[in-house]
file my_file16.cif (mmCIF, C-alpha atoms and all ligand atoms)
data_run
loop_
_atom_site.label_atom_id
_atom_site.label_comp_id
_atom_site.auth_asym_id
_atom_site.auth_seq_id
_atom_site.Cartn_x
_atom_site.Cartn_y
_atom_site.Cartn_z
CA MET Z 1 -7.00 -17.25 17.61
CA ARG Z 2 -6.03 -14.68 14.99
CA GLN Z 3 -3.07 -16.89 14.03
CA ASN Z 4 -5.45 -19.82 13.48
CA PHE Z 5 -7.60 -17.68 11.26
CA ILE Z 6 -4.61 -16.56 9.20
CA SER Z 7 -3.51 -20.20 8.77
CA LEU Z 8 -7.04 -21.21 7.85
CA VAL Z 9 -7.35 -18.57 5.16
CA SER Z 10 -3.89 -19.34 3.82
CA HIS Z 11 -4.25 -23.08 3.70
CA GLU Z 12 -7.93 -23.72 3.21
CA MET Z 13 -8.65 -20.88 0.80
CA ARG Z 14 -5.43 -19.81 -0.83
CA THR Z 15 -3.93 -23.24 -1.48
CA PRO Z 16 -6.87 -24.68 -3.46
CA LEU Z 17 -7.13 -21.45 -5.45
CA VAL Z 18 -3.47 -21.67 -6.39
CA ALA Z 19 -4.04 -25.28 -7.46
CA ALA Z 20 -7.06 -24.28 -9.55
CA MET Z 21 -4.94 -21.59 -11.16
CA GLN Z 22 -2.29 -24.15 -12.05
CA TYR Z 23 -4.91 -26.41 -13.69
CA LEU Z 24 -6.09 -23.44 -15.74
CA GLU Z 25 -2.49 -22.70 -16.74
CA LEU Z 26 -2.25 -26.29 -18.00
CA MET Z 27 -5.45 -25.94 -19.99
CA GLY Z 28 -4.51 -22.50 -21.34
CA GLY Z 29 -1.12 -23.82 -22.39
CA ASN Z 30 -2.84 -26.51 -24.49
CA ILE Z 31 -0.97 -29.11 -22.47
CA VAL Z 32 -4.08 -31.25 -21.94
CA GLY Z 33 -5.33 -30.89 -25.49
CA ALA Z 34 -5.82 -28.02 -27.91
CA LEU Z 35 -8.49 -25.44 -27.04
CA ASN Z 36 -10.51 -23.54 -29.59
CA THR Z 37 -10.63 -19.73 -29.53
CA GLU Z 38 -13.78 -19.54 -27.40
CA GLN Z 39 -12.44 -22.04 -24.87
CA THR Z 40 -9.16 -20.12 -24.65
CA ARG Z 41 -11.10 -16.90 -24.03
CA ILE Z 42 -13.06 -18.51 -21.21
CA VAL Z 43 -9.95 -20.03 -19.60
CA ASN Z 44 -8.22 -16.64 -19.73
CA ARG Z 45 -11.18 -14.93 -18.09
CA MET Z 46 -11.25 -17.56 -15.36
CA LYS Z 47 -7.51 -17.04 -14.78
CA SER Z 48 -7.99 -13.31 -14.56
CA ARG Z 49 -10.87 -13.53 -12.05
CA LEU Z 50 -9.00 -16.09 -9.98
CA SER Z 51 -5.93 -13.92 -9.98
CA ASP Z 52 -8.01 -10.95 -8.68
CA LEU Z 53 -9.31 -13.15 -5.89
CA LEU Z 54 -5.81 -14.37 -4.99
CA ALA Z 55 -4.54 -10.78 -4.95
CA LEU Z 56 -7.34 -9.82 -2.56
CA ILE Z 57 -6.61 -12.76 -0.26
CA ASP Z 58 -2.89 -11.90 -0.26
CA ARG Z 59 -3.57 -8.25 0.55
CA TRP Z 60 -5.94 -9.21 3.31
CA LEU Z 61 -3.48 -11.78 4.74
CA GLU Z 62 -0.82 -9.08 4.74
CA LEU Z 63 -3.05 -6.87 6.84
CA ALA Z 64 -3.92 -9.72 9.22
CA ARG Z 65 -0.24 -10.63 9.64
CA ILE Z 66 0.67 -7.03 10.41
CA GLU Z 67 -2.16 -6.86 12.95
CA ASP Z 68 -0.77 -10.01 14.48
CA HIS Z 69 2.69 -8.50 14.79
CA GLN Z 70 2.75 -8.26 18.57
CA VAL Z 71 6.39 -9.07 19.16
CA THR Z 72 8.98 -6.75 17.77
CA ASP Z 73 11.52 -9.46 16.98
CA ASP Z 74 12.05 -8.04 13.54
CA PHE Z 75 12.94 -4.61 14.87
CA GLU Z 76 16.43 -3.48 13.97
CA THR Z 77 18.29 -0.24 13.45
CA PHE Z 78 18.67 0.50 9.76
CA ASP Z 79 19.52 3.25 7.29
CA PHE Z 80 16.39 4.85 5.92
CA SER Z 81 17.66 6.07 2.50
CA PRO Z 82 18.29 2.62 0.96
CA VAL Z 83 14.78 1.59 2.01
CA VAL Z 84 13.31 4.48 0.03
CA LYS Z 85 15.43 3.55 -2.98
CA GLU Z 86 14.39 -0.11 -2.82
CA ALA Z 87 10.72 0.87 -2.51
CA LEU Z 88 10.94 3.22 -5.50
CA GLU Z 89 12.66 0.52 -7.52
CA ILE Z 90 9.69 -1.80 -6.92
CA ILE Z 91 7.24 0.88 -8.08
CA LYS Z 92 9.22 2.12 -11.07
CA PRO Z 93 7.35 0.04 -13.69
CA LEU Z 94 4.01 1.45 -12.49
CA ALA Z 95 5.38 5.01 -12.70
CA ASP Z 96 6.93 4.43 -16.14
CA GLU Z 97 3.68 3.03 -17.46
CA LYS Z 98 1.89 6.28 -16.55
CA LYS Z 99 4.87 8.50 -17.39
CA ILE Z 100 4.89 9.74 -13.83
CA LYS Z 101 8.03 11.35 -12.51
CA ILE Z 102 9.12 10.24 -9.06
CA ARG Z 103 11.38 12.66 -7.27
CA ASP Z 104 13.35 11.27 -4.37
CA MET Z 105 14.28 14.29 -2.30
CA SER Z 106 14.60 12.30 0.91
CA GLY Z 107 18.15 13.61 1.27
CA ASP Z 108 20.68 12.65 3.93
CA ASP Z 109 20.43 9.35 5.62
CA VAL Z 110 18.93 8.85 9.03
CA LYS Z 111 18.79 5.74 11.17
CA LEU Z 112 15.46 4.30 12.11
CA ASN Z 113 14.56 1.54 14.49
CA GLY Z 114 11.80 -0.73 13.34
CA ASP Z 115 10.81 -3.45 10.93
CA ARG Z 116 12.66 -2.57 7.74
CA ASN Z 117 10.31 -4.48 5.43
CA MET Z 118 7.26 -2.89 6.95
CA ILE Z 119 8.67 0.61 6.53
CA LYS Z 120 9.40 -0.23 2.90
CA GLU Z 121 5.82 -1.45 2.55
CA ILE Z 122 4.54 1.94 3.74
CA ILE Z 123 6.51 3.76 1.08
CA VAL Z 124 5.46 1.31 -1.62
CA ASN Z 125 1.79 1.77 -0.68
CA LEU Z 126 1.85 5.57 -0.47
CA VAL Z 127 3.89 6.13 -3.62
CA SER Z 128 1.73 3.60 -5.53
CA ASN Z 129 -1.34 5.56 -4.51
CA GLY Z 130 0.34 8.77 -5.66
CA ILE Z 131 0.77 7.15 -9.07
CA LYS Z 132 -2.60 5.38 -9.26
CA TYR Z 133 -4.63 8.45 -8.36
CA ASN Z 134 -2.73 10.73 -10.69
CA ARG Z 135 -2.83 11.77 -14.33
CA GLU Z 136 -0.36 10.67 -16.93
CA GLY Z 137 2.72 12.85 -16.73
CA GLY Z 138 2.11 13.76 -13.08
CA GLU Z 139 4.62 13.78 -10.26
CA VAL Z 140 5.16 12.10 -6.93
CA THR Z 141 7.74 13.51 -4.52
CA VAL Z 142 9.29 11.96 -1.43
CA GLN Z 143 10.70 14.40 1.09
CA LYS Z 144 12.07 14.05 4.58
CA LYS Z 145 12.92 16.26 7.52
CA GLN Z 146 13.57 15.82 11.22
CA GLU Z 147 11.41 17.34 13.89
CA SER Z 148 11.83 16.87 17.63
CA GLY Z 149 12.62 13.17 17.78
CA PHE Z 150 10.64 12.32 14.69
CA ILE Z 151 11.53 11.76 11.09
CA VAL Z 152 8.80 13.34 9.01
CA ILE Z 153 8.29 11.87 5.57
CA ASP Z 154 6.07 13.58 3.01
CA ILE Z 155 4.80 11.74 -0.02
CA SER Z 156 3.14 14.30 -2.25
CA ASP Z 157 1.44 13.91 -5.58
CA THR Z 158 -0.03 16.13 -8.26
CA GLY Z 159 -3.04 13.83 -8.58
CA PHE Z 160 -6.82 13.91 -8.24
CA GLY Z 161 -6.89 14.81 -4.56
CA ILE Z 162 -9.45 13.63 -2.03
CA PRO Z 163 -12.69 15.46 -1.24
CA GLU Z 164 -12.76 16.90 2.28
CA GLU Z 165 -15.70 14.77 3.37
CA GLU Z 166 -13.80 11.60 2.44
CA LEU Z 167 -10.65 12.35 4.42
CA GLY Z 168 -11.95 10.86 7.63
CA ARG Z 169 -13.06 7.67 5.90
CA ILE Z 170 -10.08 6.64 3.79
CA GLY Z 171 -7.79 4.25 5.59
CA LYS Z 172 -10.73 2.24 6.89
CA GLU Z 173 -10.50 -1.32 5.60
CA PHE Z 174 -12.03 -1.73 2.13
CA TYR Z 175 -13.04 1.94 1.86
CA ARG Z 176 -12.44 3.52 -1.54
CA VAL Z 177 -13.46 6.94 -2.80
CA LYS Z 178 -15.87 6.46 -5.67
CA ARG Z 179 -14.97 8.31 -8.80
CA GLU Z 180 -15.10 7.79 -12.51
CA GLY Z 181 -12.40 5.56 -13.97
CA LEU Z 182 -11.32 4.41 -10.51
CA ALA Z 183 -7.99 2.55 -10.60
CA VAL Z 184 -8.02 -1.06 -9.44
CA GLY Z 185 -7.49 -1.68 -5.74
CA PHE Z 186 -9.04 -3.16 -2.63
CA GLY Z 187 -9.06 -0.27 -0.21
CA LEU Z 188 -6.54 -1.99 2.05
CA GLY Z 189 -3.29 -0.11 1.35
CA LEU Z 190 -3.86 2.79 3.74
CA ALA Z 191 -5.21 0.45 6.43
CA ILE Z 192 -1.92 -1.47 6.15
CA VAL Z 193 0.06 1.79 6.32
CA LYS Z 194 -1.79 2.88 9.46
CA LYS Z 195 -1.31 -0.48 11.16
CA ILE Z 196 2.43 -0.41 10.44
CA LEU Z 197 2.73 3.14 11.76
CA ASP Z 198 0.76 2.02 14.79
CA ILE Z 199 3.28 -0.66 15.76
CA HIS Z 200 6.11 1.83 15.20
CA ASN Z 201 4.42 4.45 17.36
CA GLY Z 202 4.09 6.68 14.34
CA ARG Z 203 1.18 8.50 12.80
CA LEU Z 204 -0.23 9.70 9.51
CA GLU Z 205 -1.58 13.07 8.43
CA ILE Z 206 -3.30 13.69 5.12
CA LYS Z 207 -3.66 17.00 3.34
CA SER Z 208 -5.41 17.17 0.06
CA ALA Z 209 -7.07 19.46 -2.42
CA VAL Z 210 -9.31 18.12 -5.18
CA ASP Z 211 -7.70 18.31 -8.63
CA GLN Z 212 -4.49 19.62 -7.13
CA GLY Z 213 -2.95 16.78 -5.20
CA SER Z 214 -2.37 15.19 -1.84
CA THR Z 215 0.34 14.95 0.75
CA PHE Z 216 0.58 11.94 3.00
CA ARG Z 217 2.81 12.89 5.91
CA MET Z 218 4.08 10.29 8.29
CA TYR Z 219 5.87 10.72 11.56
CA LEU Z 220 8.22 7.99 12.73
CA PRO Z 221 10.13 8.20 16.00
CA ILE Z 222 13.85 8.32 15.22
CA SER Z 223 14.58 5.84 17.95
CA THR Z 224 11.62 3.57 18.41
CA ALA Z 225 11.55 1.50 21.57
CA VAL Z 226 9.70 -1.81 21.71
CA ILE Z 227 6.12 -0.90 21.11
CA GLY Z 228 2.95 -2.85 21.64
CA LYS Z 229 -0.12 -2.98 19.51
CA THR Z 230 -2.01 -0.62 21.75
CA ALA Z 231 -0.38 2.57 20.50
CA ALA Z 232 -3.04 4.21 18.39
CA ALA Z 233 -2.03 5.55 15.00
CA SER Z 234 -4.05 8.67 14.59
CA CYS Z 235 -5.16 10.04 11.29
CA ASN Z 236 -5.28 13.80 11.60
CA CYS Z 237 -6.94 14.55 8.35
CA SER Z 238 -7.24 18.10 7.20
CA ARG Z 239 -7.73 20.00 4.02
CA GLU Z 240 -5.35 22.45 2.55
CA SER Z 241 -7.28 24.64 0.19
CA ASN Z 242 -4.49 26.36 -1.69
CA LYS Z 243 -1.98 23.54 -1.90
CA LYS Z 244 -0.66 22.45 -5.25
CA GLY Z 245 0.58 18.89 -5.31
CA GLY Z 246 2.07 19.16 -1.81
N1 LIG Z 301 -2.72 9.80 -3.26
C1 LIG Z 301 -4.04 9.68 -3.37
N2 LIG Z 301 -4.74 10.56 -4.13
C2 LIG Z 301 -6.09 10.48 -4.24
N3 LIG Z 301 -6.83 9.53 -3.64
C3 LIG Z 301 -6.19 8.63 -2.88
C4 LIG Z 301 -4.78 8.65 -2.70
N4 LIG Z 301 -4.43 7.64 -1.88
C5 LIG Z 301 -5.57 7.00 -1.57
N5 LIG Z 301 -6.63 7.59 -2.16
C6 LIG Z 301 -8.05 7.19 -2.04
O1 LIG Z 301 -8.18 6.41 -0.86
C7 LIG Z 301 -8.70 5.13 -1.17
C8 LIG Z 301 -8.07 4.10 -0.25
O2 LIG Z 301 -6.69 3.93 -0.58
P1 LIG Z 301 -5.99 2.55 -0.27
O3 LIG Z 301 -4.57 2.65 -0.64
O4 LIG Z 301 -6.32 2.17 1.13
O5 LIG Z 301 -6.75 1.51 -1.19
P2 LIG Z 301 -6.67 1.28 -2.77
O6 LIG Z 301 -5.54 2.04 -3.36
O7 LIG Z 301 -8.04 1.57 -3.28
O8 LIG Z 301 -6.41 -0.29 -2.87
P3 LIG Z 301 -5.12 -1.11 -2.42
O9 LIG Z 301 -5.60 -2.04 -1.36
O10 LIG Z 301 -4.70 -1.82 -3.65
O11 LIG Z 301 -4.10 -0.14 -1.92
C9 LIG Z 301 -8.40 4.91 -2.63
O12 LIG Z 301 -9.33 4.05 -3.23
C10 LIG Z 301 -8.49 6.32 -3.20
O13 LIG Z 301 -9.82 6.62 -3.48
MG MG Z 302 -3.60 1.80 -2.44
#
call {"tool": "encode", "arguments": {"input": "my_file16.cif", "output": "structure tokens"}}
result
Amino acid sequence: MRQNFISLVSHEMRTPLVAAMQYLELMGGNIVGALNTEQTRIVNRMKSRLSDLLALIDRWLELARIEDHQVTDDFETFDFSPVVKEALEIIKPLADEKKIKIRDMSGDDVKLNGDRNMIKEIIVNLVSNGIKYNREGGEVTVQKKQESGFIVIDISDTGFGIPEEELGRIGKEFYRVKREGLAVGFGLGLAIVKKILDIHNGRLEIKSAVDQGSTFRMYLPISTAVIGKTAAASCNCSRESNKKGG
């Protein structure tokens, strides 16, 4: 049922939008005749709106596909450190743009069992948030330790922080904390993170202090057995009043 819905959205919604985008590219490229300045402006705006819509559909499809991930066929044992490096490489342009320093202090390697791409996706999402909800020149740090069968990964930032009353709400699909100059986003990243942790039998804890920063701590079992969708990823959200950037 869910699979049908995913296919429907992909084929019946995404495909025609991609086609429409291609037609606009043709027009914008003056391939079907020269456009005047006003027409070019309108075509560019249409492209931009369409691209927002496609990005939303892709993000949503990603979430639906992760939810649908009942079999653990893609589970493998892998080294964690290269995954962090690959994730940080993906995010580097975003960090550079905001002159944000990313410190990888994840240290010695450890082996994890799980879906390598999904674990990378978690890091990409959490570090991107640490950059997006941060000031220019801020910092995001990735740290790791081991604790009774778990690898504990902290992603801390020196950013805006999250008000206490919002901590229980973030991570719900499409929920975003309203604030001035809010960075673009759909409110799906943390929902994706929680779903991935769920299928890995992991969990997420958030500590944050407004104007000081946040720490997103995730626990992943070092040796994850085959896990079903039923394992609930809990979000133990708490506030740390005197924390500075994690
Ligand atoms: N590190 C952070 N510091 C401050 N606020 C954060 C942080 N991470 C998340 N938030 C808040 O939680 C909300 C939800 O985050 P989430 O990653 O789910 O969605 P998003 O970043 O808005 O969009 P996207 O779907 O593109 O990730 C954000 O809109 C933001 O208000
Ligand atoms: Mg996000």
call {"tool": "residues_near_ligand", "arguments": {"input": "my_file16.cif", "ligand": "ligand MG 302 (chain Z)", "cutoff": "8 Å", "atoms": "all atoms listed in the file", "output": "compact mmCIF listing (two decimals) with C-alpha atoms, in the frame of the given file"}}
result
# COMPACT_ATOMS: atom_id res chain seq x y z
CA ASN Z 125 1.79 1.77 -0.68
CA LEU Z 126 1.85 5.57 -0.47
CA SER Z 128 1.73 3.60 -5.53
CA ASN Z 129 -1.34 5.56 -4.51
CA LYS Z 132 -2.60 5.38 -9.26
CA GLY Z 185 -7.49 -1.68 -5.74
CA PHE Z 186 -9.04 -3.16 -2.63
CA GLY Z 187 -9.06 -0.27 -0.21
CA LEU Z 188 -6.54 -1.99 2.05
CA GLY Z 189 -3.29 -0.11 1.35
CA LEU Z 190 -3.86 2.79 3.74
call {"tool": "closest_residue", "arguments": {"input": "my_file16.cif", "among": "Z:Tyr23, Z:Trp60, Z:Tyr219, Z:Phe160", "to": "ligand LIG 301 (chain Z)", "atoms": "all atoms listed in the file"}}
result
Z:Phe160
call {"tool": "atom_distance", "arguments": {"input": "my_file16.cif", "atom1": "CA of Val110 (chain Z)", "atom2": "CA of Phe78 (chain Z)"}}
result
8.4 Å
call {"tool": "closest_residue", "arguments": {"input": "my_file16.cif", "among": "Z:Glu147, Z:Lys85, Z:Asp109, Z:Ile66", "to": "Leu197 (chain Z)", "atoms": "only C-alpha atoms"}}
result
Z:Ile66
call {"tool": "residues_near_ligand", "arguments": {"input": "my_file16.cif", "ligand": "ligand LIG 301 (chain Z)", "cutoff": "8 Å", "atoms": "only C-alpha atoms and all ligand atoms", "output": "PyMOL selection string"}}
result
chain Z and resi 59+125-134+156-157+159-162+170-179+182-192+208+213-216
call {"tool": "closest_residue", "arguments": {"input": "my_file16.cif", "among": "Z:Asp198, Z:Glu38, Z:Glu25, Z:Glu76", "to": "Ser51 (chain Z)", "atoms": "only C-alpha atoms"}}
result
Z:Glu25
call {"tool": "atom_distance", "arguments": {"input": "my_file16.cif", "atom1": "CA of Ala95 (chain Z)", "atom2": "CA of Met218 (chain Z)"}}
result
21.7 Å
call {"tool": "decode", "arguments": {"input": "my_file16.cif", "residues": "region 113-132 of chain Z", "atoms": "N, CA, C and O atoms", "output": "mmCIF file, in the first residue's frame"}}
result
data_model
loop_
_atom_site.group_PDB
_atom_site.id
_atom_site.type_symbol
_atom_site.label_atom_id
_atom_site.label_comp_id
_atom_site.auth_asym_id
_atom_site.auth_seq_id
_atom_site.Cartn_x
_atom_site.Cartn_y
_atom_site.Cartn_z
ATOM 1 N N ASN Z 113 26.960 -1.761 12.507
ATOM 2 C CA ASN Z 113 26.181 -2.623 11.634
ATOM 3 C C ASN Z 113 24.895 -1.894 11.309
ATOM 4 O O ASN Z 113 24.153 -1.491 12.184
ATOM 5 N N GLY Z 114 24.672 -1.683 10.029
ATOM 6 C CA GLY Z 114 23.458 -0.954 9.657
ATOM 7 C C GLY Z 114 23.474 -0.595 8.194
ATOM 8 O O GLY Z 114 24.253 -1.152 7.410
ATOM 9 N N ASP Z 115 22.627 0.333 7.826
ATOM 10 C CA ASP Z 115 22.577 0.814 6.450
ATOM 11 C C ASP Z 115 23.505 2.025 6.358
ATOM 12 O O ASP Z 115 23.207 3.101 6.885
ATOM 13 N N ARG Z 116 24.630 1.834 5.694
ATOM 14 C CA ARG Z 116 25.679 2.852 5.643
ATOM 15 C C ARG Z 116 25.152 4.189 5.117
ATOM 16 O O ARG Z 116 25.453 5.261 5.658
ATOM 17 N N ASN Z 117 24.377 4.142 4.049
ATOM 18 C CA ASN Z 117 23.869 5.394 3.461
ATOM 19 C C ASN Z 117 22.932 6.135 4.401
ATOM 20 O O ASN Z 117 22.914 7.354 4.456
ATOM 21 N N MET Z 118 22.146 5.353 5.128
ATOM 22 C CA MET Z 118 21.217 5.993 6.065
ATOM 23 C C MET Z 118 21.960 6.673 7.208
ATOM 24 O O MET Z 118 21.590 7.755 7.647
ATOM 25 N N ILE Z 119 23.024 6.011 7.683
ATOM 26 C CA ILE Z 119 23.800 6.604 8.785
ATOM 27 C C ILE Z 119 24.460 7.905 8.288
ATOM 28 O O ILE Z 119 24.489 8.919 8.985
ATOM 29 N N LYS Z 120 24.907 7.866 7.044
ATOM 30 C CA LYS Z 120 25.504 9.081 6.467
ATOM 31 C C LYS Z 120 24.445 10.188 6.391
ATOM 32 O O LYS Z 120 24.711 11.352 6.682
ATOM 33 N N GLU Z 121 23.252 9.795 6.022
ATOM 34 C CA GLU Z 121 22.137 10.748 5.907
ATOM 35 C C GLU Z 121 21.852 11.432 7.253
ATOM 36 O O GLU Z 121 21.564 12.629 7.306
ATOM 37 N N ILE Z 122 21.960 10.674 8.330
ATOM 38 C CA ILE Z 122 21.755 11.254 9.667
ATOM 39 C C ILE Z 122 22.761 12.370 9.904
ATOM 40 O O ILE Z 122 22.411 13.472 10.323
ATOM 41 N N ILE Z 123 24.029 12.057 9.618
ATOM 42 C CA ILE Z 123 25.079 13.042 9.899
ATOM 43 C C ILE Z 123 24.905 14.270 9.010
ATOM 44 O O ILE Z 123 25.012 15.408 9.469
ATOM 45 N N VAL Z 124 24.578 14.028 7.740
ATOM 46 C CA VAL Z 124 24.354 15.156 6.825
ATOM 47 C C VAL Z 124 23.230 16.047 7.373
ATOM 48 O O VAL Z 124 23.371 17.272 7.444
ATOM 49 N N ASN Z 125 22.147 15.449 7.804
ATOM 50 C CA ASN Z 125 21.008 16.231 8.304
ATOM 51 C C ASN Z 125 21.357 17.022 9.561
ATOM 52 O O ASN Z 125 21.042 18.208 9.665
ATOM 53 N N LEU Z 126 22.012 16.353 10.528
ATOM 54 C CA LEU Z 126 22.284 17.033 11.800
ATOM 55 C C LEU Z 126 23.348 18.121 11.644
ATOM 56 O O LEU Z 126 23.209 19.208 12.205
ATOM 57 N N VAL Z 127 24.384 17.834 10.864
ATOM 58 C CA VAL Z 127 25.418 18.859 10.683
ATOM 59 C C VAL Z 127 24.860 20.023 9.854
ATOM 60 O O VAL Z 127 25.132 21.187 10.147
ATOM 61 N N SER Z 128 24.032 19.718 8.848
ATOM 62 C CA SER Z 128 23.416 20.815 8.061
ATOM 63 C C SER Z 128 22.590 21.720 8.963
ATOM 64 O O SER Z 128 22.624 22.936 8.826
ATOM 65 N N ASN Z 129 21.839 21.112 9.877
ATOM 66 C CA ASN Z 129 21.063 21.934 10.807
ATOM 67 C C ASN Z 129 21.980 22.805 11.661
ATOM 68 O O ASN Z 129 21.699 23.987 11.884
ATOM 69 N N GLY Z 130 23.086 22.207 12.116
ATOM 70 C CA GLY Z 130 24.046 22.955 12.935
ATOM 71 C C GLY Z 130 24.604 24.159 12.188
ATOM 72 O O GLY Z 130 24.978 25.165 12.797
ATOM 73 N N ILE Z 131 24.663 24.053 10.878
ATOM 74 C CA ILE Z 131 25.144 25.177 10.052
ATOM 75 C C ILE Z 131 24.002 26.166 9.792
ATOM 76 O O ILE Z 131 24.145 27.380 9.969
ATOM 77 N N LYS Z 132 22.852 25.613 9.379
ATOM 78 C CA LYS Z 132 21.711 26.473 9.018
ATOM 79 C C LYS Z 132 21.239 27.350 10.174
ATOM 80 O O LYS Z 132 20.898 28.506 9.983
#
